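Chemist: For reference, the structure I am asking about is given below.
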Amino acid sequence: MVKIDWDRVGKGVARENERMIWRPYGAPIVLDLEHSAFHDAPISVPWNIPETLAVSVAITGAFFRRSQNPNQPYTPDEIRNSARECLEAGASTVHIHVRDDEGYNVLSLDRFQQVIAPLKKDYPDLSVDGCLVPALEGEWAEMKRVLATGLLDGAPINTTTTYIGDSLFSKPAPVMIEKVRLILENGGIPEIAVYTDADVANADRFLIKSGLIKGPAFWLILPALPGCSPMENPRQMVEGLMRTVTTIRDVDPDGVIMVCAAGRASMYVATLAAAMGLHIRVGMEDTYWLWPHRDDRIQSNLQTFELGAKLGEVLGRRVATRQEYTDMLRSCAQG
């Protein structure tokens, strides 16, 4: 057991006349957060955090089924109506996947048009990105048809090979390189989507060092899903996001970074990202949970947007308008 020398402590207190040491050299000011009395250089200057927070809403994605979240949108009407709800509430943008009649992800020009064309007609300043993942026979040609319409202003490029849950998900280097070329050829903006810091190295190696993508680029960080950067507790979340972000900054110092509220980390990783000055993607694509410490299911995409907007308000960052987001995305145009 530790013994404290109370006799020595008592003598020390007596030597200090039972007082703390206090010398207010800056009097009459006690504490100044902005200046020192000894020089005129600024102290504690404002952080370099954007005033606006882009909040994208990913409406349905490819992963989750109604057996996991009964509220998951499937049909073109459901996807479009959910997106419209979010845009009416002030969302900066929406991210679109479409599904087939069985509720599985599909690459279909007709379904993309059913969802996106009416939204663009009603919101002329809207920029939309959507996932074009040609996994089945004939979908590569369909992807090219979608790109040729100009419906999508941006499209993600996954620079990864990983297991997403129990499914192997791999983008061969020639496929990712050619897909970037096609997006650029059709006037779109490639969005580099990374699941781990290693994916950043892949993007640098194949897309940036090749000169195909020049900075600043648009980056999507999708962590916390099984197979992505693990975030099983707050420490992993903070360390994992910081590592991925700093790895991006090493190769693209001025890139635009958006972080997905994904997996168990859900709104907590979105909160961390917004506090770091990054932008956020919420919605029903990347998780069906609202918070890491509870099992509450997302009720609607609008619910997640409202939480994202409230988060921005708490952090002093207003939600970026659709036009501001469009300008942000176009700042990453190549050439």
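Chain labels follow the order of the structure tokens: the first chain is A, the next B, and so on; residue numbering restarts at 1 in every chain, and ligands are counted from 1 in their shown order.
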Mind the document's chain letters and residue numbers, and return as an mmCIF file with N, CA, C and O atoms, in the first residue's frame the residues of segment 181-328 of chain A that DSSP labels strand (DSSP E or B).

Modeler:
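Result saved to part.cif:
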data_model
loop_
_atom_site.group_PDB
_atom_site.id
_atom_site.type_symbol
_atom_site.label_atom_id
_atom_site.label_comp_id
_atom_site.auth_asym_id
_atom_site.auth_seq_id
_atom_site.Cartn_x
_atom_site.Cartn_y
_atom_site.Cartn_z
ATOM 1 N N ILE A 189 -17.730 14.123 -62.817
ATOM 2 C CA ILE A 189 -16.643 14.279 -61.859
ATOM 3 C C ILE A 189 -16.462 12.965 -61.100
ATOM 4 O O ILE A 189 -17.396 12.491 -60.434
ATOM 5 N N PRO A 190 -15.299 12.337 -61.220
ATOM 6 C CA PRO A 190 -15.055 11.095 -60.463
ATOM 7 C C PRO A 190 -14.865 11.403 -58.978
ATOM 8 O O PRO A 190 -14.116 12.312 -58.617
ATOM 9 N N GLU A 191 -15.559 10.657 -58.154
ATOM 10 C CA GLU A 191 -15.451 10.802 -56.704
ATOM 11 C C GLU A 191 -14.706 9.578 -56.184
ATOM 12 O O GLU A 191 -15.168 8.453 -56.346
ATOM 13 N N ILE A 192 -13.560 9.809 -55.572
ATOM 14 C CA ILE A 192 -12.731 8.692 -55.110
ATOM 15 C C ILE A 192 -13.309 8.168 -53.799
ATOM 16 O O ILE A 192 -13.297 8.865 -52.779
ATOM 17 N N ALA A 193 -13.830 6.931 -53.840
ATOM 18 C CA ALA A 193 -14.481 6.348 -52.666
ATOM 19 C C ALA A 193 -13.533 5.348 -52.019
ATOM 20 O O ALA A 193 -13.109 4.381 -52.658
ATOM 21 N N VAL A 194 -13.204 5.592 -50.745
ATOM 22 C CA VAL A 194 -12.223 4.759 -50.050
ATOM 23 C C VAL A 194 -12.844 4.178 -48.786
ATOM 24 O O VAL A 194 -13.594 4.831 -48.081
ATOM 25 N N PHE A 218 -12.430 15.010 -55.358
ATOM 26 C CA PHE A 218 -13.540 14.796 -54.428
ATOM 27 C C PHE A 218 -13.394 13.393 -53.850
ATOM 28 O O PHE A 218 -13.295 12.415 -54.581
ATOM 29 N N TRP A 219 -13.382 13.312 -52.519
ATOM 30 C CA TRP A 219 -13.166 12.041 -51.824
ATOM 31 C C TRP A 219 -14.384 11.676 -50.974
ATOM 32 O O TRP A 219 -14.959 12.539 -50.291
ATOM 33 N N LEU A 220 -14.744 10.412 -50.995
ATOM 34 C CA LEU A 220 -15.763 9.853 -50.107
ATOM 35 C C LEU A 220 -15.093 8.824 -49.198
ATOM 36 O O LEU A 220 -14.456 7.887 -49.694
ATOM 37 N N ILE A 221 -15.225 9.014 -47.905
ATOM 38 C CA ILE A 221 -14.708 8.030 -46.946
ATOM 39 C C ILE A 221 -15.887 7.224 -46.418
ATOM 40 O O ILE A 221 -16.823 7.780 -45.831
ATOM 41 N N PRO A 226 -18.482 -3.815 -42.053
ATOM 42 C CA PRO A 226 -17.583 -4.970 -41.979
ATOM 43 C C PRO A 226 -16.743 -5.068 -43.251
ATOM 44 O O PRO A 226 -17.270 -5.149 -44.351
ATOM 45 N N CYS A 228 -14.510 -2.620 -43.930
ATOM 46 C CA CYS A 228 -13.980 -1.262 -44.078
ATOM 47 C C CYS A 228 -13.149 -0.920 -42.845
ATOM 48 O O CYS A 228 -12.955 -1.751 -41.967
ATOM 49 N N VAL A 256 -11.641 17.873 -51.504
ATOM 50 C CA VAL A 256 -12.898 17.950 -50.760
ATOM 51 C C VAL A 256 -13.193 16.566 -50.207
ATOM 52 O O VAL A 256 -13.193 15.581 -50.950
ATOM 53 N N ILE A 257 -13.429 16.477 -48.900
ATOM 54 C CA ILE A 257 -13.632 15.176 -48.253
ATOM 55 C C ILE A 257 -15.023 15.119 -47.630
ATOM 56 O O ILE A 257 -15.403 15.995 -46.852
ATOM 57 N N MET A 258 -15.762 14.057 -47.982
ATOM 58 C CA MET A 258 -17.079 13.798 -47.399
ATOM 59 C C MET A 258 -17.027 12.442 -46.704
ATOM 60 O O MET A 258 -16.486 11.484 -47.260
ATOM 61 N N VAL A 259 -17.568 12.371 -45.501
ATOM 62 C CA VAL A 259 -17.519 11.152 -44.695
ATOM 63 C C VAL A 259 -18.930 10.606 -44.528
ATOM 64 O O VAL A 259 -19.862 11.351 -44.207
ATOM 65 N N CYS A 260 -19.075 9.311 -44.735
ATOM 66 C CA CYS A 260 -20.382 8.657 -44.665
ATOM 67 C C CYS A 260 -20.705 8.225 -43.234
ATOM 68 O O CYS A 260 -19.856 7.636 -42.554
ATOM 69 N N HIS A 279 -17.183 17.242 -44.733
ATOM 70 C CA HIS A 279 -18.594 17.223 -45.092
ATOM 71 C C HIS A 279 -19.141 15.827 -44.837
ATOM 72 O O HIS A 279 -18.375 14.872 -44.646
ATOM 73 N N ILE A 280 -20.466 15.680 -44.825
ATOM 74 C CA ILE A 280 -21.037 14.419 -44.377
ATOM 75 C C ILE A 280 -22.099 13.891 -45.344
ATOM 76 O O ILE A 280 -22.769 14.649 -46.029
ATOM 77 N N ARG A 281 -22.192 12.560 -45.371
ATOM 78 C CA ARG A 281 -23.261 11.872 -46.092
ATOM 79 C C ARG A 281 -24.034 11.032 -45.093
ATOM 80 O O ARG A 281 -23.455 10.212 -44.381
ATOM 81 N N VAL A 282 -25.324 11.263 -45.033
ATOM 82 C CA VAL A 282 -26.196 10.511 -44.130
ATOM 83 C C VAL A 282 -27.177 9.722 -44.994
ATOM 84 O O VAL A 282 -27.044 9.658 -46.207
ATOM 85 N N GLY A 283 -28.160 9.094 -44.375
ATOM 86 C CA GLY A 283 -29.165 8.388 -45.147
ATOM 87 C C GLY A 283 -29.171 6.893 -44.895
ATOM 88 O O GLY A 283 -28.501 6.382 -43.990
ATOM 89 N N TRP A 289 -28.692 1.891 -38.597
ATOM 90 C CA TRP A 289 -28.719 2.380 -37.222
ATOM 91 C C TRP A 289 -28.583 3.894 -37.167
ATOM 92 O O TRP A 289 -27.895 4.500 -37.996
ATOM 93 N N ARG A 297 -33.572 1.834 -35.395
ATOM 94 C CA ARG A 297 -33.500 1.832 -36.849
ATOM 95 C C ARG A 297 -33.854 3.212 -37.399
ATOM 96 O O ARG A 297 -34.686 3.937 -36.832
ATOM 97 N N ARG A 318 -23.698 26.101 -41.190
ATOM 98 C CA ARG A 318 -24.998 25.960 -41.841
ATOM 99 C C ARG A 318 -24.898 24.972 -43.004
ATOM 100 O O ARG A 318 -23.836 24.797 -43.603
ATOM 101 N N VAL A 319 -26.026 24.345 -43.326
ATOM 102 C CA VAL A 319 -26.057 23.376 -44.417
ATOM 103 C C VAL A 319 -25.838 24.103 -45.745
ATOM 104 O O VAL A 319 -26.484 25.115 -46.039
#

Chemist: Can you pull out every residue within 10 Å of Met143 of chain A, counting only C-alpha atoms, but drop anything in the same chain fewer than 3 positions away, and send it as a PDB file with C-alpha atoms, in the first residue's frame?

Modeler:
ATOM      1  CA  LEU A 107     -27.743  -0.650 -63.145  1.00  0.00           C
ATOM      2  CA  SER A 108     -30.685   0.630 -65.192  1.00  0.00           C
ATOM      3  CA  LEU A 109     -30.843   3.794 -67.285  1.00  0.00           C
ATOM      4  CA  CYS A 131     -23.324   4.557 -58.047  1.00  0.00           C
ATOM      5  CA  LEU A 132     -22.638   2.753 -61.293  1.00  0.00           C
ATOM      6  CA  VAL A 133     -21.337  -0.677 -60.316  1.00  0.00           C
ATOM      7  CA  PRO A 134     -21.229  -2.972 -63.372  1.00  0.00           C
ATOM      8  CA  GLY A 138     -24.400  -6.175 -69.922  1.00  0.00           C
ATOM      9  CA  GLU A 139     -24.096  -3.636 -67.103  1.00  0.00           C
ATOM     10  CA  TRP A 140     -20.856  -2.116 -68.429  1.00  0.00           C
ATOM     11  CA  VAL A 146     -26.206   6.289 -68.171  1.00  0.00           C
ATOM     12  CA  LEU A 147     -23.031   8.367 -68.311  1.00  0.00           C
ATOM     13  CA  ALA A 148     -23.814   9.546 -71.841  1.00  0.00           C
ATOM     14  CA  LYS A 179     -14.307   3.955 -65.556  1.00  0.00           C
ATOM     15  CA  LEU A 182     -15.495   7.325 -69.178  1.00  0.00           C
ATOM     16  CA  ILE A 183     -16.779   9.601 -66.404  1.00  0.00           C
TER      17      ILE A 183
END

Chemist: Find the spatial neighbours of Gly211 of chain A, counting only C-alpha atoms, within a cut-off of 12 Å - ignore same-chain residues fewer than 4 positions away - and output them as a PyMOL selection string.

Modeler: chain A and resi 177+180-181+203-207+215+217+334-335

Chemist: Report the distance between atom CA of Val94 of chain A and atom CA of Val55 of chain A in Å, rounded to one decimal place.

Modeler: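 One can read the atom CA of Val94 of chain A to atom CA of Val55 of chain A distance as 8.6 Å.
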
Chemist: For Phe305 of chain A, which residue out of A:Ala261, A:Val2, A:Leu329, A:Val251 is the nearest one, using only C-alpha atoms?

Modeler: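 Of all the options, A:Ala261 lies closest to Phe305 of chain A.
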
Chemist: Which residues are close to Asp197 of chain A, i.e. within 7 Å by only C-alpha atoms, leaving aside same-chain residues fewer than 6 positions away? Reply as a ChimeraX atom specification.

Modeler: /A:243-244,247

Chemist: Kindly save the residues from that selection, with all heavy atoms included, as a PDB file, in the first residue's frame.

Modeler:
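Listed below is the output, out17.pdb:
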ATOM      1  N   ARG A 243      -6.535   8.766 -39.491  1.00  0.00           N
ATOM      2  CA  ARG A 243      -5.518   8.172 -40.357  1.00  0.00           C
ATOM      3  C   ARG A 243      -5.920   8.271 -41.830  1.00  0.00           C
ATOM      4  O   ARG A 243      -5.103   8.622 -42.685  1.00  0.00           O
ATOM      5  CB  ARG A 243      -5.259   6.715 -39.972  1.00  0.00           C
ATOM      6  CG  ARG A 243      -4.202   6.052 -40.848  1.00  0.00           C
ATOM      7  CD  ARG A 243      -3.757   4.714 -40.327  1.00  0.00           C
ATOM      8  NE  ARG A 243      -2.842   4.056 -41.242  1.00  0.00           N
ATOM      9  CZ  ARG A 243      -1.541   4.308 -41.318  1.00  0.00           C
ATOM     10  NH1 ARG A 243      -1.000   5.217 -40.513  1.00  0.00           N
ATOM     11  NH2 ARG A 243      -0.777   3.664 -42.178  1.00  0.00           N
ATOM     12  N   THR A 244      -7.172   7.970 -42.133  1.00  0.00           N
ATOM     13  CA  THR A 244      -7.609   8.050 -43.523  1.00  0.00           C
ATOM     14  C   THR A 244      -7.557   9.482 -44.038  1.00  0.00           C
ATOM     15  O   THR A 244      -7.092   9.737 -45.153  1.00  0.00           O
ATOM     16  CB  THR A 244      -9.029   7.473 -43.680  1.00  0.00           C
ATOM     17  OG1 THR A 244      -9.052   6.129 -43.196  1.00  0.00           O
ATOM     18  CG2 THR A 244      -9.460   7.477 -45.132  1.00  0.00           C
ATOM     19  N   THR A 247      -3.977  10.611 -44.557  1.00  0.00           N
ATOM     20  CA  THR A 247      -3.416   9.949 -45.737  1.00  0.00           C
ATOM     21  C   THR A 247      -3.898  10.639 -47.015  1.00  0.00           C
ATOM     22  O   THR A 247      -3.124  10.826 -47.965  1.00  0.00           O
ATOM     23  CB  THR A 247      -3.789   8.457 -45.749  1.00  0.00           C
ATOM     24  OG1 THR A 247      -3.389   7.853 -44.509  1.00  0.00           O
ATOM     25  CG2 THR A 247      -3.096   7.726 -46.878  1.00  0.00           C
TER      26      THR A 247
END

Chemist: Within segment 104-304 of chain A, find each residue whose DSSP state, derived from the backbone, is alpha helix (DSSP H), and express the selection as a count of residues only.

Modeler: 77

Chemist: Each residue of segment 116-198 of chain A with at least one atom at most 12 Å from segment 59-79 of chain A should appear once, together with its nearest atom pair and the corresponding distance in Å (one decimal); atoms considered: only C-alpha atoms; ordering: chain, then increasing residue number; output as a Markdown table.

Modeler:
| residue | atom | partner | partner_atom | distance |
| --- | --- | --- | --- | --- |
| A:Ile116 | CA | A:Pro76 | CA | 9.3 |
| A:Ala117 | CA | A:Pro76 | CA | 11.4 |
| A:Pro118 | CA | A:Asp77 | CA | 10.6 |
| A:Leu119 | CA | A:Ile79 | CA | 10.9 |
| A:Val128 | CA | A:Ile59 | CA | 11.6 |
| A:Asp129 | CA | A:Ile59 | CA | 11.3 |
| A:Gly130 | CA | A:Gly61 | CA | 9.3 |
| A:Cys131 | CA | A:Gly61 | CA | 8.2 |
| A:Leu132 | CA | A:Ala62 | CA | 10.7 |
| A:Val133 | CA | A:Ala62 | CA | 9.7 |
| A:Ala135 | CA | A:Ala62 | CA | 12.0 |
| A:Ile164 | CA | A:Phe63 | CA | 9.4 |
| A:Gly165 | CA | A:Phe63 | CA | 9.8 |
| A:Asp166 | CA | A:Phe63 | CA | 11.5 |
| A:Ser167 | CA | A:Phe63 | CA | 10.5 |

Chemist: For a test of reading the model, state the distance in Å between atom CA of Ala58 of chain A and atom CA of Asp295 of chain A, rounded to one decimal.

Modeler: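 These two atoms are separated by 20.0 Å.
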
Chemist: Given the choices A:Glu34, A:Asp122, A:Asp110, A:Asp296, which gets closest to Glu88 of chain A if the distance is worked out from only C-alpha atoms?

Modeler: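 Closest to Glu88 of chain A, using only C-alpha atoms: A:Asp122.
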
Chemist: Residues at most 9 Å from Leu225 of chain A, counting only C-alpha atoms, excluding those fewer than 6 positions away in the same chain, as a list in words?

Modeler: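 Non-adjacent residues within range: Ile164, Gly165, Tyr195, Met231, Ala262, Gly263, Arg264, Ala265, Asp286 and Thr287 of chain A.
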